[in-house]
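Structure file structure_32.cif (mmCIF, C-alpha atoms) is printed below.
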```cif
data_start
loop_
_atom_site.label_atom_id
_atom_site.label_comp_id
_atom_site.auth_asym_id
_atom_site.auth_seq_id
_atom_site.Cartn_x
_atom_site.Cartn_y
_atom_site.Cartn_z
CA GLU B 1183 -11.63 -32.49 -29.56
CA TYR B 1184 -9.09 -30.37 -27.68
CA ASP B 1185 -9.54 -26.60 -27.51
CA GLU B 1186 -6.71 -24.03 -27.59
CA CYS B 1187 -6.30 -24.51 -23.81
CA ASP B 1188 -5.59 -28.22 -24.38
CA VAL B 1189 -8.82 -29.25 -22.61
CA CYS B 1190 -10.87 -32.05 -24.11
CA ASN B 1191 -14.20 -30.55 -25.21
CA GLY B 1192 -13.26 -27.43 -23.22
CA PRO B 1193 -14.77 -23.96 -23.57
CA GLY B 1194 -11.62 -22.43 -25.00
CA ALA B 1195 -9.98 -19.26 -23.75
CA ASP B 1196 -12.42 -17.94 -21.14
CA VAL B 1197 -10.33 -15.58 -19.00
CA GLU B 1198 -10.47 -11.90 -20.00
CA CYS B 1199 -7.30 -9.86 -19.50
CA TRP B 1200 -6.99 -6.15 -18.67
CA ASP B 1201 -6.58 -5.37 -22.39
CA GLY B 1202 -9.70 -7.32 -23.44
CA SER B 1203 -7.81 -10.31 -24.84
CA MET B 1204 -8.98 -13.81 -23.94
CA VAL B 1205 -6.58 -16.42 -22.57
CA CYS B 1206 -6.74 -19.84 -20.94
CA ASP B 1207 -5.20 -18.79 -17.63
CA ALA B 1208 -4.85 -15.36 -15.94
CA ALA B 1209 -1.08 -15.96 -15.73
CA ASP B 1210 -1.04 -15.81 -19.55
CA CYS B 1211 -2.31 -12.20 -19.62
CA PRO B 1212 0.18 -9.61 -20.85
CA ASP B 1213 1.83 -7.44 -18.22
CA LEU B 1214 0.19 -4.13 -17.50
CA PRO B 1215 1.91 -1.27 -19.29
CA GLY B 1216 3.71 1.10 -16.98
CA GLY B 1217 5.69 0.30 -13.94
CA GLN B 1218 5.84 -2.16 -11.11
CA VAL B 1219 5.87 -0.69 -7.61
CA THR B 1220 6.27 -2.15 -4.15
CA LEU B 1221 5.24 -0.15 -1.07
CA SER B 1222 6.32 -1.21 2.39
CA PHE B 1223 6.88 0.02 5.94
CA ASP B 1224 10.32 0.66 7.45
CA ASN B 1225 11.88 2.38 10.48
CA ILE B 1226 8.84 1.97 12.71
CA GLU B 1227 9.35 3.74 16.03
CA ASP B 1228 7.40 5.77 18.57
CA GLY B 1229 4.61 7.00 16.34
CA SER B 1230 6.51 7.38 13.08
CA VAL B 1231 7.14 5.18 10.09
CA ASP B 1232 8.82 5.50 6.69
CA ILE B 1233 6.97 4.38 3.59
CA ILE B 1234 9.46 2.72 1.22
CA MET B 1235 8.78 2.70 -2.51
CA ASN B 1236 10.60 0.52 -5.02
CA SER B 1237 9.62 1.46 -8.58
CA ASN B 1238 10.99 0.41 -11.95
CA ALA B 1239 9.65 3.59 -13.60
CA ASP B 1240 9.43 7.31 -12.82
CA VAL B 1241 6.48 8.25 -10.58
CA TYR B 1242 4.43 11.39 -11.25
CA GLY B 1243 1.80 10.91 -8.55
CA PHE B 1244 0.78 8.60 -5.72
CA GLN B 1245 -2.03 7.87 -3.34
CA PHE B 1246 -2.32 5.16 -0.71
CA ASP B 1247 -4.37 4.32 2.36
CA ILE B 1248 -3.31 2.90 5.68
CA ASP B 1249 -5.75 0.79 7.65
CA GLY B 1250 -4.81 0.55 11.30
CA PHE B 1251 -3.65 3.95 12.54
CA VAL B 1252 -4.51 7.65 12.39
CA ILE B 1253 -2.04 9.65 10.28
CA THR B 1254 -1.09 12.98 11.89
CA SER B 1255 1.54 14.19 9.39
CA ALA B 1256 3.16 13.23 6.08
CA SER B 1257 6.39 14.80 4.83
CA GLY B 1258 9.94 14.23 3.66
CA GLY B 1259 11.37 11.44 1.58
CA SER B 1260 11.75 11.44 -2.18
CA ALA B 1261 8.32 13.04 -2.53
CA GLU B 1262 9.47 16.22 -0.78
CA GLU B 1263 12.95 16.08 -2.37
CA ASN B 1264 11.33 16.17 -5.82
CA GLY B 1265 8.97 19.06 -5.08
CA PHE B 1266 5.77 17.07 -4.60
CA LEU B 1267 2.86 18.51 -2.70
CA ILE B 1268 1.99 16.04 0.04
CA SER B 1269 -1.43 15.95 1.64
CA HIS B 1270 -3.01 13.54 4.09
CA SER B 1271 -6.19 12.68 5.92
CA ALA B 1272 -6.48 10.35 8.90
CA SER B 1273 -6.01 7.33 6.63
CA ARG B 1274 -4.89 8.51 3.15
CA VAL B 1275 -1.73 10.11 1.75
CA ILE B 1276 -1.61 11.85 -1.64
CA GLY B 1277 1.43 13.27 -3.43
CA PHE B 1278 1.76 15.05 -6.77
CA SER B 1279 3.61 17.86 -8.52
CA LEU B 1280 2.09 20.96 -10.05
CA THR B 1281 5.27 21.60 -12.04
CA GLY B 1282 5.64 18.21 -13.73
CA THR B 1283 8.51 16.93 -11.59
CA PHE B 1284 8.71 13.23 -10.86
CA ILE B 1285 10.28 10.77 -8.47
CA PRO B 1286 12.95 8.85 -10.40
CA ALA B 1287 12.74 5.07 -10.63
CA GLY B 1288 14.52 3.27 -7.83
CA GLU B 1289 14.12 2.42 -4.15
CA GLY B 1290 14.03 4.74 -1.16
CA ILE B 1291 11.88 6.51 1.38
CA LEU B 1292 8.80 7.89 -0.36
CA VAL B 1293 7.45 9.77 2.66
CA ASN B 1294 7.65 9.74 6.46
CA LEU B 1295 4.44 9.50 8.46
CA THR B 1296 3.64 10.23 12.05
CA PHE B 1297 0.62 8.55 13.57
CA GLU B 1298 -1.40 7.90 16.69
CA GLU B 1299 -4.24 5.72 17.90
CA HIS B 1300 -3.07 2.53 16.26
CA ASP B 1301 -4.81 -0.82 16.13
CA LEU B 1302 -3.02 -4.13 16.66
CA VAL B 1303 -2.22 -4.30 12.92
CA ALA B 1304 -1.70 -1.60 10.27
CA CYS B 1305 -1.54 -2.29 6.51
CA LEU B 1306 -0.93 -0.35 3.31
CA THR B 1307 -3.93 -0.59 0.96
CA ASP B 1308 -5.62 0.89 -2.10
CA ALA B 1309 -2.53 2.45 -3.68
CA ILE B 1310 -2.68 4.31 -6.97
CA ILE B 1311 0.75 5.14 -8.36
CA THR B 1312 1.08 6.60 -11.83
CA ASP B 1313 3.49 7.75 -14.49
CA GLY B 1314 1.00 10.48 -15.36
CA ASP B 1315 -0.96 8.36 -17.82
CA ILE B 1316 -1.09 4.78 -16.57
CA ALA B 1317 -1.55 3.38 -13.07
CA PHE B 1318 1.21 1.00 -12.03
CA ASP B 1319 0.80 -2.52 -10.71
CA VAL B 1320 1.33 -2.19 -6.92
CA GLU B 1321 2.44 -4.85 -4.46
CA TYR B 1322 2.52 -4.36 -0.69
CA GLY B 1323 5.05 -5.37 1.93
CA ASP B 1324 4.09 -6.88 5.26
CA CYS B 1325 1.67 -5.21 7.62
CA ILE B 1326 2.87 -3.77 10.94
CA GLU B 1327 1.98 -5.72 14.06
CA PHE B 1328 2.05 -3.60 17.20
CA ASP B 1329 2.68 -5.23 20.55
CA ASP B 1330 2.08 -2.17 22.72
CA SER B 1331 -1.62 -1.69 22.07
CA PRO B 1332 -3.77 -1.01 25.11
CA VAL B 1333 -5.01 -4.08 26.91
CA THR B 1334 -8.76 -3.97 27.15
CA GLY B 1335 -10.80 -5.45 29.90
CA CYS B 1336 -11.98 -4.55 33.32
CA THR B 1337 -9.85 -3.93 36.40
CA ASP B 1338 -12.69 -5.09 38.67
CA ILE B 1339 -11.59 -8.52 39.90
CA ASP B 1340 -15.21 -9.70 40.03
CA ALA B 1341 -15.97 -8.77 36.41
CA CYS B 1342 -16.36 -11.46 33.74
CA ASN B 1343 -13.76 -9.66 31.56
CA TYR B 1344 -11.24 -9.04 34.36
CA ASP B 1345 -7.67 -8.47 33.26
CA SER B 1346 -5.06 -7.31 35.75
CA ASP B 1347 -3.08 -5.69 32.89
CA ALA B 1348 -6.05 -3.74 31.51
CA ASP B 1349 -5.59 -0.07 30.72
#
```

Target encoding structure tokens, full file:
Amino acid sequence: EYDECDVCNGPGADVECWDGSMVCDAADCPDLPGGQVTLSFDNIEDGSVDIIMNSNADVYGFQFDIDGFVITSASGGSAEENGFLISHSASRVIGFSLTGTFIPAGEGILVNLTFEEHDLVACLTDAIITDGDIAFDVEYGDCIEFDDSPVTGCTDIDACNYDSDAD
């Protein structure tokens, strides 16, 4: 006998969706309510980078982490243009409004970051972007790969980890 998933003697719908419904395949789950957002890096140069946001809905607050460099400032972009308070730690950026303003749907620079002490790779992670009630589904652009990271090793020619280019 075939179940509703068209599997002979199968278990039936055994994948639970975000809304509690059961389906045969995760691709059959309904879309999350709220918006779709993509965050990515752009204009990477000498210790600064723009965070680009593409959103199909108005944004009332955001938070994201960056693994791979130490954030020294966060300002500008559509967050500042729309009156958001922007705060940051070494690896996290948070933006919100105390007056109920929002960042309109669309694509543009969310915020500009300055940074130092970067690793070989830096990536956007752990984003929470909301319309005030519901967190959006977030996708991430490519990570940054730096090619000017310090070369580690020893400058002693007799050392087992000798590297003439070591810093």

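Comparing B:Ile1311, B:Cys1199, B:Ile1253, B:Ile1316 by their smallest distance to Glu1298 of chain B, the closest is B:Ile1253 (using all atoms listed in the file).
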
- Message: Taking (6.5, 9.4, 17.9) in the coordinates of the supplied file, I want to know which residues reach to within 9 Å of it, counting only C-alpha atoms; could you give the answer as JSON, numbers by chain?
- Response: {"B": [1227, 1228, 1229, 1230, 1231, 1296, 1297, 1298]}

Grab the residues selected above and save them as an mmCIF file, in the frame of the given file with C-alpha atoms.
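The resulting file, result04.cif, is reproduced below:
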```cif
data_model
loop_
_atom_site.group_PDB
_atom_site.id
_atom_site.type_symbol
_atom_site.label_atom_id
_atom_site.label_comp_id
_atom_site.auth_asym_id
_atom_site.auth_seq_id
_atom_site.Cartn_x
_atom_site.Cartn_y
_atom_site.Cartn_z
ATOM 1 C CA GLU B 1227 9.350 3.740 16.030
ATOM 2 C CA ASP B 1228 7.400 5.770 18.570
ATOM 3 C CA GLY B 1229 4.610 7.000 16.340
ATOM 4 C CA SER B 1230 6.510 7.380 13.080
ATOM 5 C CA VAL B 1231 7.140 5.180 10.090
ATOM 6 C CA THR B 1296 3.640 10.230 12.050
ATOM 7 C CA PHE B 1297 0.620 8.550 13.570
ATOM 8 C CA GLU B 1298 -1.400 7.900 16.690
#
```

- Task: Apply the PyMOL selection byres ((chain B and resi 1328) around 10) to the displayed file and report the matching residues as a list in words.
- Result: Ile1226, Gly1250, His1300, Asp1301, Leu1302, Val1303, Ala1304, Cys1325, Ile1326, Glu1327, Asp1329, Asp1330 and Ser1331 of chain B

Save out the residues we just selected, C-alpha atoms, as a short mmCIF file (atom, residue, chain, number, x, y, z; two decimals), in the frame of the given file.
```cif
data_model
loop_
_atom_site.label_atom_id
_atom_site.label_comp_id
_atom_site.auth_asym_id
_atom_site.auth_seq_id
_atom_site.Cartn_x
_atom_site.Cartn_y
_atom_site.Cartn_z
CA ILE B 1226 8.84 1.97 12.71
CA GLY B 1250 -4.81 0.55 11.30
CA HIS B 1300 -3.07 2.53 16.26
CA ASP B 1301 -4.81 -0.82 16.13
CA LEU B 1302 -3.02 -4.13 16.66
CA VAL B 1303 -2.22 -4.30 12.92
CA ALA B 1304 -1.70 -1.60 10.27
CA CYS B 1325 1.67 -5.21 7.62
CA ILE B 1326 2.87 -3.77 10.94
CA GLU B 1327 1.98 -5.72 14.06
CA ASP B 1329 2.68 -5.23 20.55
CA ASP B 1330 2.08 -2.17 22.72
CA SER B 1331 -1.62 -1.69 22.07
#
```

Using only C-alpha atoms, find each residue in segment 1236-1257 of chain B having at least one atom no more than 7 Å away from segment 1284-1293 of chain B; report its shortest atom-to-atom pair and that distance in Å (one decimal), rows by chain then rising number, as a tab-separated table.
```
residue	atom	partner	partner_atom	distance
B:Asn1236	CA	B:Glu1289	CA	4.1
B:Ser1237	CA	B:Ala1287	CA	5.2
B:Asn1238	CA	B:Ala1287	CA	5.1
B:Ala1239	CA	B:Ala1287	CA	4.5
B:Asp1240	CA	B:Pro1286	CA	4.5
B:Val1241	CA	B:Ile1285	CA	5.0
B:Tyr1242	CA	B:Phe1284	CA	4.7
B:Ala1256	CA	B:Val1293	CA	6.5
B:Ser1257	CA	B:Val1293	CA	5.6
```

- Output of the PyMOL selection byres ((chain B and resi 1223) around 10), listed as a list of chain:residue names: B:Leu1221, B:Ser1222, B:Asp1224, B:Asn1225, B:Ile1226, B:Val1231, B:Asp1232, B:Ile1233, B:Ile1234, B:Met1235, B:Ile1291, B:Asn1294, B:Ala1304, B:Cys1305, B:Leu1306, B:Tyr1322, B:Gly1323, B:Asp1324, B:Cys1325, B:Ile1326

- Message: What's the separation between atom CA of Gly1217 of chain B and atom CA of Asp1196 of chain B, in Å to one decimal place?
- Response: 26.7 Å
